[in-house]
$ cat query.csv   # CSV, N, CA and C atoms
chain,number,residue,atom,x,y,z
A,1,MET,N,8.1,-246.1,-29.1
A,1,MET,CA,8.1,-245.4,-30.3
A,1,MET,C,8.3,-246.4,-31.5
A,2,ALA,N,7.5,-246.3,-32.5
A,2,ALA,CA,7.5,-247.2,-33.7
A,2,ALA,C,8.7,-246.9,-34.6
A,3,HIS,N,9.2,-247.9,-35.1
A,3,HIS,CA,10.3,-247.7,-36.1
A,3,HIS,C,9.9,-248.3,-37.5
A,4,ALA,N,10.4,-247.7,-38.5
A,4,ALA,CA,10.1,-248.1,-39.8
A,4,ALA,C,10.7,-249.5,-40.1
A,5,ALA,N,10.0,-250.3,-40.8
A,5,ALA,CA,10.6,-251.6,-41.1
A,5,ALA,C,11.6,-251.5,-42.2
A,6,PRO,N,12.7,-252.3,-42.1
A,6,PRO,CA,13.7,-252.1,-43.2
A,6,PRO,C,13.2,-252.6,-44.5
A,7,VAL,N,13.7,-251.9,-45.5
A,7,VAL,CA,13.2,-252.2,-46.9
A,7,VAL,C,14.4,-252.7,-47.7
A,8,TYR,N,14.3,-253.9,-48.2
A,8,TYR,CA,15.4,-254.5,-49.0
A,8,TYR,C,15.0,-254.4,-50.5
A,9,SER,N,15.9,-253.8,-51.2
A,9,SER,CA,15.6,-253.6,-52.6
A,9,SER,C,16.9,-253.8,-53.4
A,10,VAL,N,16.7,-253.8,-54.7
A,10,VAL,CA,17.8,-253.9,-55.7
A,10,VAL,C,18.6,-252.6,-55.6
A,11,PRO,N,19.9,-252.6,-55.6
A,11,PRO,CA,20.7,-251.4,-55.6
A,11,PRO,C,20.3,-250.5,-56.8
A,12,ALA,N,20.3,-249.2,-56.6
A,12,ALA,CA,19.9,-248.3,-57.7
A,12,ALA,C,20.7,-248.5,-59.0
A,13,ALA,N,22.0,-248.7,-58.9
A,13,ALA,CA,22.8,-248.8,-60.1
A,13,ALA,C,22.4,-250.1,-60.8
A,14,ARG,N,22.2,-251.2,-60.2
A,14,ARG,CA,21.8,-252.4,-60.8
A,14,ARG,C,20.4,-252.3,-61.4
A,15,ALA,N,19.5,-251.7,-60.7
A,15,ALA,CA,18.1,-251.5,-61.2
A,15,ALA,C,18.1,-250.6,-62.5
A,16,GLY,N,18.9,-249.6,-62.5
A,16,GLY,CA,19.0,-248.8,-63.7
A,16,GLY,C,19.6,-249.5,-64.9
A,17,ALA,N,20.6,-250.3,-64.7
A,17,ALA,CA,21.1,-251.1,-65.8
A,17,ALA,C,20.1,-252.1,-66.3
A,18,THR,N,19.4,-252.7,-65.4
A,18,THR,CA,18.4,-253.7,-65.9
A,18,THR,C,17.3,-253.0,-66.7
A,19,ALA,N,16.8,-251.9,-66.2
A,19,ALA,CA,15.8,-251.2,-66.9
A,19,ALA,C,16.2,-250.6,-68.3
A,20,ARG,N,17.5,-250.4,-68.4
A,20,ARG,CA,18.1,-249.9,-69.6
A,20,ARG,C,18.0,-250.9,-70.8
A,21,TRP,N,18.1,-252.1,-70.5
A,21,TRP,CA,18.1,-253.1,-71.6
A,21,TRP,C,16.8,-253.9,-71.6
A,22,ALA,N,16.1,-254.0,-70.5
A,22,ALA,CA,14.9,-254.8,-70.5
A,22,ALA,C,13.8,-254.3,-71.4
A,23,GLY,N,13.6,-253.0,-71.4
A,23,GLY,CA,12.6,-252.5,-72.3
A,23,GLY,C,12.8,-252.7,-73.8
A,24,PRO,N,14.0,-252.4,-74.3
A,24,PRO,CA,14.2,-252.6,-75.7
A,24,PRO,C,14.2,-254.1,-76.1
A,25,VAL,N,14.7,-255.0,-75.2
A,25,VAL,CA,14.7,-256.4,-75.5
A,25,VAL,C,13.2,-256.9,-75.5
A,26,LEU,N,12.4,-256.5,-74.5
A,26,LEU,CA,11.1,-257.0,-74.5
A,26,LEU,C,10.3,-256.5,-75.7
A,27,LEU,N,10.5,-255.2,-76.1
A,27,LEU,CA,9.9,-254.6,-77.2
A,27,LEU,C,10.3,-255.4,-78.5
A,28,ALA,N,11.6,-255.7,-78.6
A,28,ALA,CA,12.1,-256.4,-79.8
A,28,ALA,C,11.5,-257.7,-80.0
A,29,VAL,N,11.4,-258.5,-78.9
A,29,VAL,CA,10.8,-259.8,-78.9
A,29,VAL,C,9.3,-259.8,-79.3
A,30,VAL,N,8.6,-258.9,-78.6
A,30,VAL,CA,7.1,-258.8,-78.9
A,30,VAL,C,6.9,-258.3,-80.3
A,31,TYR,N,7.6,-257.3,-80.7
A,31,TYR,CA,7.4,-256.7,-82.1
A,31,TYR,C,7.8,-257.7,-83.1
A,32,GLY,N,8.9,-258.4,-82.9
A,32,GLY,CA,9.3,-259.4,-83.9
A,32,GLY,C,8.3,-260.6,-84.0
A,33,LEU,N,7.8,-261.1,-82.9
A,33,LEU,CA,6.9,-262.1,-82.9
A,33,LEU,C,5.6,-261.7,-83.6
A,34,TRP,N,5.2,-260.5,-83.3
A,34,TRP,CA,3.9,-259.9,-83.9
A,34,TRP,C,4.1,-259.8,-85.4
A,35,ALA,N,5.2,-259.2,-85.9
A,35,ALA,CA,5.4,-259.0,-87.3
A,35,ALA,C,5.5,-260.4,-88.0
A,36,CYS,N,6.2,-261.3,-87.4
A,36,CYS,CA,6.3,-262.7,-88.0
A,36,CYS,C,4.9,-263.3,-88.1
A,37,ALA,N,4.1,-263.2,-87.0
A,37,ALA,CA,2.7,-263.8,-87.0
A,37,ALA,C,1.8,-263.2,-88.1
A,38,ILE,N,1.9,-261.9,-88.2
A,38,ILE,CA,1.1,-261.2,-89.2
A,38,ILE,C,1.5,-261.6,-90.6
A,39,ARG,N,2.8,-261.6,-90.9
A,39,ARG,CA,3.3,-262.0,-92.2
A,39,ARG,C,3.0,-263.4,-92.5
A,40,ARG,N,3.0,-264.3,-91.5
A,40,ARG,CA,2.7,-265.7,-91.8
A,40,ARG,C,1.3,-266.0,-92.2
A,41,ASP,N,0.4,-265.2,-91.7
A,41,ASP,CA,-1.0,-265.2,-92.0
A,41,ASP,C,-1.6,-266.6,-91.9
A,42,GLY,N,-1.3,-267.3,-90.9
A,42,GLY,CA,-1.9,-268.6,-90.6
A,42,GLY,C,-1.3,-269.8,-91.4
A,43,GLY,N,-0.3,-269.5,-92.2
A,43,GLY,CA,0.4,-270.5,-93.0
A,43,GLY,C,1.5,-271.2,-92.2
A,44,PRO,N,2.3,-272.0,-92.8
A,44,PRO,CA,3.3,-272.7,-92.1
A,44,PRO,C,4.5,-271.7,-91.7
A,45,ILE,N,5.2,-272.0,-90.6
A,45,ILE,CA,6.3,-271.2,-90.2
A,45,ILE,C,7.5,-271.6,-91.1
A,46,THR,N,8.0,-270.5,-91.7
A,46,THR,CA,9.1,-270.7,-92.6
A,46,THR,C,10.3,-269.9,-92.2
A,47,THR,N,11.5,-270.2,-92.7
A,47,THR,CA,12.7,-269.5,-92.4
A,47,THR,C,12.6,-268.0,-92.7
A,48,GLY,N,11.9,-267.7,-93.8
A,48,GLY,CA,11.7,-266.3,-94.2
A,48,GLY,C,10.9,-265.6,-93.2
A,49,ASN,N,9.8,-266.2,-92.7
A,49,ASN,CA,9.0,-265.5,-91.7
A,49,ASN,C,9.8,-265.3,-90.4
A,50,VAL,N,10.5,-266.2,-90.0
A,50,VAL,CA,11.3,-266.1,-88.8
A,50,VAL,C,12.4,-265.0,-88.9
A,51,LEU,N,13.1,-265.0,-90.1
A,51,LEU,CA,14.1,-264.0,-90.3
A,51,LEU,C,13.5,-262.6,-90.4
A,52,PHE,N,12.3,-262.5,-91.0
A,52,PHE,CA,11.6,-261.2,-91.1
A,52,PHE,C,11.3,-260.7,-89.7
A,53,GLY,N,10.8,-261.6,-88.8
A,53,GLY,CA,10.5,-261.2,-87.4
A,53,GLY,C,11.7,-260.8,-86.6
A,54,VAL,N,12.8,-261.6,-86.8
A,54,VAL,CA,14.0,-261.2,-86.1
A,54,VAL,C,14.5,-259.9,-86.5
A,55,VAL,N,14.6,-259.6,-87.8
A,55,VAL,CA,15.1,-258.3,-88.3
A,55,VAL,C,14.1,-257.2,-87.9
A,56,ALA,N,12.8,-257.4,-88.0
A,56,ALA,CA,11.9,-256.3,-87.6
A,56,ALA,C,12.0,-256.1,-86.1
A,57,GLY,N,12.2,-257.1,-85.3
A,57,GLY,CA,12.3,-256.9,-83.9
A,57,GLY,C,13.6,-256.2,-83.5
A,58,LEU,N,14.7,-256.6,-84.2
A,58,LEU,CA,16.0,-255.9,-83.9
A,58,LEU,C,16.0,-254.5,-84.3
A,59,VAL,N,15.4,-254.1,-85.4
A,59,VAL,CA,15.3,-252.7,-85.8
A,59,VAL,C,14.5,-251.9,-84.8
A,60,ALA,N,13.3,-252.5,-84.5
A,60,ALA,CA,12.4,-251.8,-83.5
A,60,ALA,C,13.1,-251.6,-82.2
A,61,GLY,N,13.7,-252.7,-81.7
A,61,GLY,CA,14.4,-252.6,-80.4
A,61,GLY,C,15.6,-251.6,-80.4
A,62,ALA,N,16.3,-251.6,-81.5
A,62,ALA,CA,17.5,-250.6,-81.6
A,62,ALA,C,17.0,-249.2,-81.6
A,63,VAL,N,15.9,-248.9,-82.4
A,63,VAL,CA,15.4,-247.6,-82.5
A,63,VAL,C,14.8,-247.1,-81.1
A,64,PHE,N,14.1,-248.1,-80.5
A,64,PHE,CA,13.6,-247.8,-79.2
A,64,PHE,C,14.7,-247.5,-78.1
A,65,ALA,N,15.7,-248.3,-78.1
A,65,ALA,CA,16.8,-248.0,-77.2
A,65,ALA,C,17.5,-246.7,-77.5
A,66,ALA,N,17.7,-246.3,-78.7
A,66,ALA,CA,18.3,-245.1,-79.1
A,66,ALA,C,17.4,-243.9,-78.7
A,67,LEU,N,16.2,-244.0,-79.0
A,67,LEU,CA,15.2,-243.0,-78.6
A,67,LEU,C,15.1,-242.8,-77.1
A,68,HIS,N,15.1,-243.9,-76.4
A,68,HIS,CA,15.0,-243.9,-74.9
A,68,HIS,C,16.2,-243.2,-74.3
A,69,ARG,N,17.3,-243.4,-74.9
A,69,ARG,CA,18.5,-242.7,-74.4
A,69,ARG,C,18.6,-241.2,-74.8
A,70,LEU,N,18.1,-240.9,-76.0
A,70,LEU,CA,18.2,-239.6,-76.6
A,70,LEU,C,17.1,-238.7,-76.1
A,71,ALA,N,15.9,-239.2,-75.8
A,71,ALA,CA,14.7,-238.4,-75.5
A,71,ALA,C,14.8,-237.5,-74.3
A,72,PRO,N,15.4,-237.9,-73.2
A,72,PRO,CA,15.5,-237.0,-72.1
A,72,PRO,C,16.3,-235.7,-72.3
A,73,THR,N,17.1,-235.7,-73.3
A,73,THR,CA,17.9,-234.5,-73.7
A,73,THR,C,17.2,-233.5,-74.6
A,74,LEU,N,16.0,-233.9,-75.1
A,74,LEU,CA,15.3,-233.1,-76.0
A,74,LEU,C,14.3,-232.2,-75.3
A,75,PRO,N,14.0,-231.0,-75.9
A,75,PRO,CA,12.9,-230.2,-75.4
A,75,PRO,C,11.5,-231.0,-75.5
A,76,ARG,N,10.6,-230.6,-74.7
A,76,ARG,CA,9.4,-231.4,-74.6
A,76,ARG,C,8.6,-231.6,-75.9
A,77,GLU,N,8.6,-230.5,-76.7
A,77,GLU,CA,7.9,-230.6,-78.0
A,77,GLU,C,8.5,-231.6,-78.9
A,78,LEU,N,9.9,-231.5,-79.0
A,78,LEU,CA,10.6,-232.5,-79.9
A,78,LEU,C,10.6,-233.9,-79.4
A,79,ARG,N,10.6,-234.0,-78.0
A,79,ARG,CA,10.5,-235.3,-77.4
A,79,ARG,C,9.1,-236.0,-77.8
A,80,ALA,N,8.1,-235.2,-77.7
A,80,ALA,CA,6.7,-235.7,-78.0
A,80,ALA,C,6.7,-236.1,-79.5
A,81,VAL,N,7.3,-235.3,-80.4
A,81,VAL,CA,7.2,-235.6,-81.8
A,81,VAL,C,8.0,-236.9,-82.1
A,82,THR,N,9.2,-237.1,-81.5
A,82,THR,CA,10.0,-238.2,-81.8
A,82,THR,C,9.3,-239.5,-81.3
A,83,TRP,N,8.7,-239.5,-80.1
A,83,TRP,CA,8.0,-240.7,-79.6
A,83,TRP,C,6.8,-240.9,-80.4
A,84,ALA,N,6.1,-239.9,-80.8
A,84,ALA,CA,4.9,-240.1,-81.6
A,84,ALA,C,5.3,-240.6,-83.0
A,85,ALA,N,6.3,-240.1,-83.6
A,85,ALA,CA,6.8,-240.6,-84.9
A,85,ALA,C,7.2,-242.1,-84.8
A,86,PHE,N,7.9,-242.5,-83.7
A,86,PHE,CA,8.3,-243.9,-83.6
A,86,PHE,C,7.1,-244.8,-83.4
A,87,ALA,N,6.1,-244.4,-82.6
A,87,ALA,CA,4.9,-245.2,-82.4
A,87,ALA,C,4.1,-245.3,-83.7
A,88,GLY,N,4.0,-244.2,-84.4
A,88,GLY,CA,3.2,-244.2,-85.6
A,88,GLY,C,3.8,-245.0,-86.7
A,89,ILE,N,5.1,-244.9,-86.9
A,89,ILE,CA,5.8,-245.7,-87.9
A,89,ILE,C,5.8,-247.2,-87.5
A,90,ALA,N,6.0,-247.5,-86.3
A,90,ALA,CA,6.0,-248.9,-85.9
A,90,ALA,C,4.6,-249.5,-86.1
A,91,PHE,N,3.6,-248.8,-85.7
A,91,PHE,CA,2.2,-249.3,-85.8
A,91,PHE,C,1.8,-249.4,-87.3
A,92,GLY,N,2.1,-248.3,-88.0
A,92,GLY,CA,1.8,-248.3,-89.4
A,92,GLY,C,2.4,-249.4,-90.2
A,93,PHE,N,3.7,-249.8,-89.9
A,93,PHE,CA,4.3,-250.9,-90.5
A,93,PHE,C,3.6,-252.2,-90.2
A,94,LEU,N,3.3,-252.5,-89.0
A,94,LEU,CA,2.6,-253.7,-88.6
A,94,LEU,C,1.2,-253.7,-89.3
A,95,TYR,N,0.5,-252.6,-89.3
A,95,TYR,CA,-0.8,-252.5,-89.9
A,95,TYR,C,-0.8,-252.8,-91.4
A,96,SER,N,0.3,-252.3,-92.0
A,96,SER,CA,0.4,-252.5,-93.5
A,96,SER,C,0.7,-254.0,-93.8
A,97,LEU,N,1.2,-254.7,-92.9
A,97,LEU,CA,1.4,-256.2,-93.1
A,97,LEU,C,0.1,-257.0,-93.2
A,98,SER,N,-0.9,-256.4,-92.7
A,98,SER,CA,-2.2,-257.1,-92.7
A,98,SER,C,-3.0,-257.0,-94.0
A,99,ASP,N,-2.4,-256.6,-95.0
A,99,ASP,CA,-3.0,-256.4,-96.3
A,99,ASP,C,-4.1,-255.3,-96.4
A,100,ALA,N,-4.0,-254.3,-95.5
A,100,ALA,CA,-4.9,-253.2,-95.5
A,100,ALA,C,-4.4,-252.2,-96.6
A,101,SER,N,-5.3,-251.4,-97.0
A,101,SER,CA,-4.9,-250.4,-98.1
A,101,SER,C,-3.9,-249.4,-97.5
A,102,VAL,N,-3.2,-248.8,-98.4
A,102,VAL,CA,-2.2,-247.8,-98.0
A,102,VAL,C,-2.9,-246.6,-97.2
A,103,LEU,N,-4.0,-246.2,-97.8
A,103,LEU,CA,-4.7,-245.1,-97.2
A,103,LEU,C,-5.2,-245.4,-95.7
A,104,ARG,N,-5.7,-246.6,-95.6
A,104,ARG,CA,-6.1,-247.1,-94.2
A,104,ARG,C,-4.9,-247.2,-93.3
A,105,SER,N,-3.8,-247.7,-93.8
A,105,SER,CA,-2.6,-247.9,-92.9
A,105,SER,C,-2.1,-246.5,-92.5
A,106,VAL,N,-2.1,-245.6,-93.4
A,106,VAL,CA,-1.6,-244.2,-93.1
A,106,VAL,C,-2.6,-243.5,-92.1
A,107,GLY,N,-3.9,-243.7,-92.3
A,107,GLY,CA,-4.9,-243.1,-91.5
A,107,GLY,C,-4.8,-243.6,-90.0
A,108,MET,N,-4.7,-244.9,-89.9
A,108,MET,CA,-4.6,-245.5,-88.6
A,108,MET,C,-3.3,-245.1,-87.9
A,109,ALA,N,-2.2,-245.0,-88.6
A,109,ALA,CA,-0.9,-244.6,-88.1
A,109,ALA,C,-0.9,-243.2,-87.6
A,110,LEU,N,-1.6,-242.3,-88.4
A,110,LEU,CA,-1.7,-240.9,-88.0
A,110,LEU,C,-2.5,-240.7,-86.8
A,111,ALA,N,-3.6,-241.5,-86.7
A,111,ALA,CA,-4.4,-241.4,-85.5
A,111,ALA,C,-3.7,-241.8,-84.2
A,112,LEU,N,-2.9,-242.9,-84.3
A,112,LEU,CA,-2.1,-243.3,-83.2
A,112,LEU,C,-1.0,-242.3,-82.9
A,113,THR,N,-0.4,-241.7,-83.9
A,113,THR,CA,0.7,-240.7,-83.8
A,113,THR,C,0.1,-239.5,-83.0
A,114,ALA,N,-1.1,-239.0,-83.4
A,114,ALA,CA,-1.7,-237.9,-82.7
A,114,ALA,C,-1.9,-238.2,-81.3
A,115,ALA,N,-2.4,-239.4,-81.0
A,115,ALA,CA,-2.7,-239.7,-79.6
A,115,ALA,C,-1.4,-239.8,-78.8
A,116,VAL,N,-0.4,-240.4,-79.3
A,116,VAL,CA,0.9,-240.5,-78.6
A,116,VAL,C,1.5,-239.2,-78.4
A,117,PHE,N,1.4,-238.3,-79.4
A,117,PHE,CA,1.9,-236.9,-79.2
A,117,PHE,C,1.2,-236.2,-78.1
A,118,VAL,N,-0.1,-236.3,-78.0
A,118,VAL,CA,-0.8,-235.6,-77.0
A,118,VAL,C,-0.4,-236.2,-75.6
A,119,ALA,N,-0.3,-237.5,-75.5
A,119,ALA,CA,0.0,-238.1,-74.2
A,119,ALA,C,1.4,-237.8,-73.7
A,120,VAL,N,2.4,-237.9,-74.6
A,120,VAL,CA,3.8,-237.6,-74.2
A,120,VAL,C,3.9,-236.1,-73.9
A,121,PHE,N,3.3,-235.2,-74.8
A,121,PHE,CA,3.5,-233.8,-74.5
A,121,PHE,C,2.8,-233.4,-73.2
A,122,TYR,N,1.7,-234.0,-72.9
A,122,TYR,CA,1.0,-233.7,-71.6
A,122,TYR,C,1.8,-234.2,-70.5
A,123,ARG,N,2.4,-235.4,-70.5
A,123,ARG,CA,3.2,-235.9,-69.4
A,123,ARG,C,4.4,-235.0,-69.3
A,124,ALA,N,5.1,-234.7,-70.3
A,124,ALA,CA,6.3,-233.8,-70.2
A,124,ALA,C,6.0,-232.4,-69.7
A,125,TYR,N,4.8,-231.9,-70.1
A,125,TYR,CA,4.5,-230.5,-69.7
A,125,TYR,C,4.1,-230.5,-68.2
A,126,THR,N,3.5,-231.5,-67.7
A,126,THR,CA,3.0,-231.5,-66.3
A,126,THR,C,4.1,-232.0,-65.4
A,127,THR,N,5.1,-232.7,-65.8
A,127,THR,CA,6.1,-233.2,-64.9
A,127,THR,C,7.4,-232.3,-64.9
A,128,GLU,N,7.5,-231.4,-65.8
A,128,GLU,CA,8.7,-230.6,-65.8
A,128,GLU,C,8.5,-229.3,-65.1

$ encode --input "query.csv" --output "structure tokens"
Amino acid sequence: MAHAAPVYSVPAARAGATARWAGPVLLAVVYGLWACAIRRDGGPITTGNVLFGVVAGLVAGAVFAALHRLAPTLPRELRAVTWAAFAGIAFGFLYSLSDASVLRSVGMALALTAAVFVAVFYRAYTTE
């Protein structure tokens, strides 16, 4: 009779703790570097650009962590709205740094917001 091979994995408590901080930290680093690079616009790296990237990354990471913790307690419609608003605001801010017009920044952010809303609502509706 065949037996299943043993599976060695990270304990569930440790895996949950790692996942809780890894997402916000990764998002903060990537978002901060991206904001810093857009604001720098090919010029020299300055203290102001680095500080701007650090602050933007910290704010985005903190909001993401708070939303990630709060979202499972919300009803599916409100959960979809909050994730869509976060994605739209974060993207719209980065897009506005590229010297695009306000109308174009708002239009692009609204398009992304609508797409994220549909995706999150669909996932919540089909998995609950």

$ atom_distance --input "query.csv" --atom1 "atom N of Ala109 in chain A" --atom2 "atom N of Arg39 in chain A"
17.5 Å

$ atom_distance --input "query.csv" --atom1 "CA of Glu128 in chain A" --atom2 "atom N of Ala115 in chain A"
20.8 Å

$ atom_distance --input "query.csv" --atom1 "atom C of Ala80 in chain A" --atom2 "atom N of Phe121 in chain A"
5.9 Å

$ select_by_dssp --input "query.csv" --residues "range 16-45 of chain A" --states "helix (DSSP H, G or I)" --output "MDAnalysis selection string"
chainID A and resid 16:40

$ decode --input "query.csv" --residues "range 42-119 of chain A" --atoms "C-alpha atoms" --output "mmCIF file, in the first residue's frame"
data_model
loop_
_atom_site.group_PDB
_atom_site.id
_atom_site.type_symbol
_atom_site.label_atom_id
_atom_site.label_comp_id
_atom_site.auth_asym_id
_atom_site.auth_seq_id
_atom_site.Cartn_x
_atom_site.Cartn_y
_atom_site.Cartn_z
ATOM 1 C CA GLY A 42 15.918 61.652 -14.892
ATOM 2 C CA GLY A 43 17.717 64.304 -12.859
ATOM 3 C CA PRO A 44 20.154 63.785 -10.033
ATOM 4 C CA ILE A 45 19.156 61.946 -6.893
ATOM 5 C CA THR A 46 18.590 64.500 -4.151
ATOM 6 C CA THR A 47 17.679 64.315 -0.498
ATOM 7 C CA GLY A 48 14.276 65.787 -1.296
ATOM 8 C CA ASN A 49 13.515 63.042 -3.833
ATOM 9 C CA VAL A 50 14.573 60.303 -1.438
ATOM 10 C CA LEU A 51 12.577 61.804 1.430
ATOM 11 C CA PHE A 52 9.547 62.130 -0.850
ATOM 12 C CA GLY A 53 9.833 58.456 -1.825
ATOM 13 C CA VAL A 54 10.221 57.331 1.792
ATOM 14 C CA VAL A 55 7.181 59.303 2.950
ATOM 15 C CA ALA A 56 5.062 58.178 -0.011
ATOM 16 C CA GLY A 57 6.067 54.562 0.583
ATOM 17 C CA LEU A 58 5.361 54.720 4.313
ATOM 18 C CA VAL A 59 1.929 56.238 3.778
ATOM 19 C CA ALA A 60 1.005 53.723 1.063
ATOM 20 C CA GLY A 61 2.280 50.801 3.144
ATOM 21 C CA ALA A 62 0.457 51.953 6.289
ATOM 22 C CA VAL A 63 -2.841 52.429 4.443
ATOM 23 C CA PHE A 64 -2.424 49.051 2.749
ATOM 24 C CA ALA A 65 -1.734 47.318 6.075
ATOM 25 C CA ALA A 66 -4.748 48.971 7.714
ATOM 26 C CA LEU A 67 -7.002 48.117 4.794
ATOM 27 C CA HIS A 68 -5.703 44.548 4.660
ATOM 28 C CA ARG A 69 -6.571 44.115 8.325
ATOM 29 C CA LEU A 70 -9.946 45.898 8.127
ATOM 30 C CA ALA A 71 -11.260 44.567 4.790
ATOM 31 C CA PRO A 72 -12.259 41.028 5.869
ATOM 32 C CA THR A 73 -14.707 42.485 8.406
ATOM 33 C CA LEU A 74 -16.551 44.567 5.790
ATOM 34 C CA PRO A 75 -19.464 43.465 3.628
ATOM 35 C CA ARG A 76 -18.450 42.576 0.078
ATOM 36 C CA GLU A 77 -19.724 45.818 -1.505
ATOM 37 C CA LEU A 78 -17.903 48.047 0.960
ATOM 38 C CA ARG A 79 -14.788 45.876 0.728
ATOM 39 C CA ALA A 80 -14.760 46.299 -3.047
ATOM 40 C CA VAL A 81 -15.253 50.067 -2.721
ATOM 41 C CA THR A 82 -12.404 50.450 -0.207
ATOM 42 C CA TRP A 83 -9.913 48.415 -2.232
ATOM 43 C CA ALA A 84 -10.948 50.228 -5.408
ATOM 44 C CA ALA A 85 -10.585 53.627 -3.741
ATOM 45 C CA PHE A 86 -7.143 52.706 -2.414
ATOM 46 C CA ALA A 87 -5.956 51.495 -5.826
ATOM 47 C CA GLY A 88 -7.423 54.496 -7.631
ATOM 48 C CA ILE A 89 -5.960 57.049 -5.244
ATOM 49 C CA ALA A 90 -2.538 55.387 -5.194
ATOM 50 C CA PHE A 91 -2.410 55.133 -8.986
ATOM 51 C CA GLY A 92 -3.832 58.602 -9.540
ATOM 52 C CA PHE A 93 -1.191 60.122 -7.278
ATOM 53 C CA LEU A 94 1.642 58.399 -9.139
ATOM 54 C CA TYR A 95 0.126 59.311 -12.487
ATOM 55 C CA SER A 96 -0.183 62.959 -11.468
ATOM 56 C CA LEU A 97 3.546 63.056 -10.688
ATOM 57 C CA SER A 98 4.277 62.479 -14.394
ATOM 58 C CA ASP A 99 3.113 65.998 -15.296
ATOM 59 C CA ALA A 100 -0.111 64.752 -16.850
ATOM 60 C CA SER A 101 -3.133 67.017 -16.781
ATOM 61 C CA VAL A 102 -5.532 66.788 -13.868
ATOM 62 C CA LEU A 103 -8.307 65.579 -16.148
ATOM 63 C CA ARG A 104 -6.151 62.773 -17.545
ATOM 64 C CA SER A 105 -4.961 61.766 -14.062
ATOM 65 C CA VAL A 106 -8.524 61.599 -12.761
ATOM 66 C CA GLY A 107 -9.720 59.704 -15.841
ATOM 67 C CA MET A 108 -6.981 57.089 -15.593
ATOM 68 C CA ALA A 109 -7.523 56.711 -11.852
ATOM 69 C CA LEU A 110 -11.282 56.264 -12.323
ATOM 70 C CA ALA A 111 -10.710 53.631 -15.003
ATOM 71 C CA LEU A 112 -8.434 51.665 -12.679
ATOM 72 C CA THR A 113 -10.855 52.166 -9.785
ATOM 73 C CA ALA A 114 -13.711 50.692 -11.812
ATOM 74 C CA ALA A 115 -11.614 47.694 -12.854
ATOM 75 C CA VAL A 116 -10.463 46.993 -9.295
ATOM 76 C CA PHE A 117 -14.021 47.338 -7.992
ATOM 77 C CA VAL A 118 -15.319 44.790 -10.489
ATOM 78 C CA ALA A 119 -12.480 42.353 -9.760
#
